[in-house]
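To start, the structure itself, in C-alpha cells.
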Amino acid sequence: MAGKKQFDMDTALDAAMIQFWRDGYADTSLDDLSRATGLNRSSIYSSLGGKDTLFLRCLDLYAARYGAKYDAALSCAASEPVAAVRAFFDVTLDRIADPGLPDGCLIAQSAMAVPVLSPAVAEHAKQALGSQRLLGVL
C-alpha cells in the first residue's frame, strides 16, 4: 500500500535514542541513524523529522522513560528515605547492568554538547537537564 509506514515507530525511536546515547549528537550522522533504525534517509526525514527533530524526540523519550522510573523510586523519599535511596540505586544499577544500553546519561551527555547544538536543541537539552536535577537524578 502506497504511503503506509512499514516500520514500528517505537522501535525506530528506541534505536535512534540508543545511537544518540552511544555516540552523542555531534558524532551521530544520518547514515548512523539510518543503519541503527533500518530506515533510509528520506524515511527518517518524512517519518521522524530531521536530525534535530529526531534528537529532541529521543531526549524526550529518554527523559520520560528513565525520569519516570527515578520519579517513582523517589516518590516515597519524604516518608521512607532509606527505601527511596534503595529504589533509586535499584533503577540505576538495572540500567547500568543492561548490556543493550550505553554507559552514562543521554541528558547529561547532551548538556555537555550544548556548544555544538543548534540553539533550539541546546535549550531543550538544558531544560531536560533541569528537569533531571529537580528529580534528584543528577
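Identifiers for the C-alpha cells are assigned positionally: chains receive A, B, ... in sequence, residues are indexed from 1 per chain, and ligands are indexed from 1 in the order shown.
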Interface rows for stretch 24-77 of chain A against stretch 82-101 of chain A: nearest pair, Å to one decimal, 8 Å, only C-alpha atoms, as a tab-separated table:
residue	atom	partner	partner_atom	distance
A:Lys69	CA	A:Val91	CA	6.8
A:Tyr70	CA	A:Phe88	CA	6.1
A:Ala73	CA	A:Ala87	CA	4.8
A:Leu74	CA	A:Ala84	CA	4.9
A:Ser75	CA	A:Ala84	CA	7.1
A:Cys76	CA	A:Ala84	CA	5.8
A:Ala77	CA	A:Ala84	CA	5.0
(request) Skip stretch 119-131 of chain A itself and residues of its chain fewer than 6 positions away, then list as a ChimeraX atom specification all residues within 12 Å of it, counting only C-alpha atoms. (result) /A:25-26,51-64,66-68,70-71,105-113,137-138
What would the file look like if the residues just selected were written as a compact mmCIF listing (two decimals), in the first residue's frame with C-alpha atoms?
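Saved file part_19.txt follows:
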# COMPACT_ATOMS: atom_id res chain seq x y z
CA TYR A 25 24.60 14.24 18.88
CA ALA A 26 27.66 15.61 17.07
CA LYS A 51 18.33 15.11 12.87
CA ASP A 52 17.42 17.91 15.29
CA THR A 53 13.76 16.90 15.49
CA LEU A 54 14.66 13.26 15.94
CA PHE A 55 17.19 14.13 18.63
CA LEU A 56 14.57 16.14 20.52
CA ARG A 57 12.17 13.20 20.33
CA CYS A 58 14.91 10.90 21.63
CA LEU A 59 15.72 13.25 24.51
CA ASP A 60 12.03 13.35 25.44
CA LEU A 61 11.78 9.56 25.19
CA TYR A 62 14.84 9.12 27.40
CA ALA A 63 13.57 11.65 29.95
CA ALA A 64 10.12 10.07 30.05
CA TYR A 66 14.12 6.96 32.87
CA GLY A 67 12.75 10.06 34.56
CA ALA A 68 9.54 8.21 35.34
CA TYR A 70 13.53 7.67 39.05
CA ASP A 71 10.46 9.69 39.95
CA CYS A 105 23.20 9.52 30.75
CA LEU A 106 21.90 10.85 27.44
CA ILE A 107 20.69 14.06 29.08
CA ALA A 108 23.97 14.83 30.86
CA GLN A 109 25.90 13.95 27.72
CA SER A 110 23.64 16.26 25.69
CA ALA A 111 24.07 19.10 28.17
CA MET A 112 27.83 18.82 27.74
CA ALA A 113 27.36 19.07 23.95
CA VAL A 137 18.63 12.10 39.34
CA LEU A 138 21.70 14.22 38.54
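Between atom CA of A:Ser34 and atom CA of A:Ser47 the separation is 12.3 Å.
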(message) I'd like to know which residues of chain A are alpha helix (DSSP H) (by DSSP, run on the backbone); could you write them as a PyMOL selection string?
(response) chain A and resi 9-23+30-37+41-43+51-74+81-97+106-112+119-135
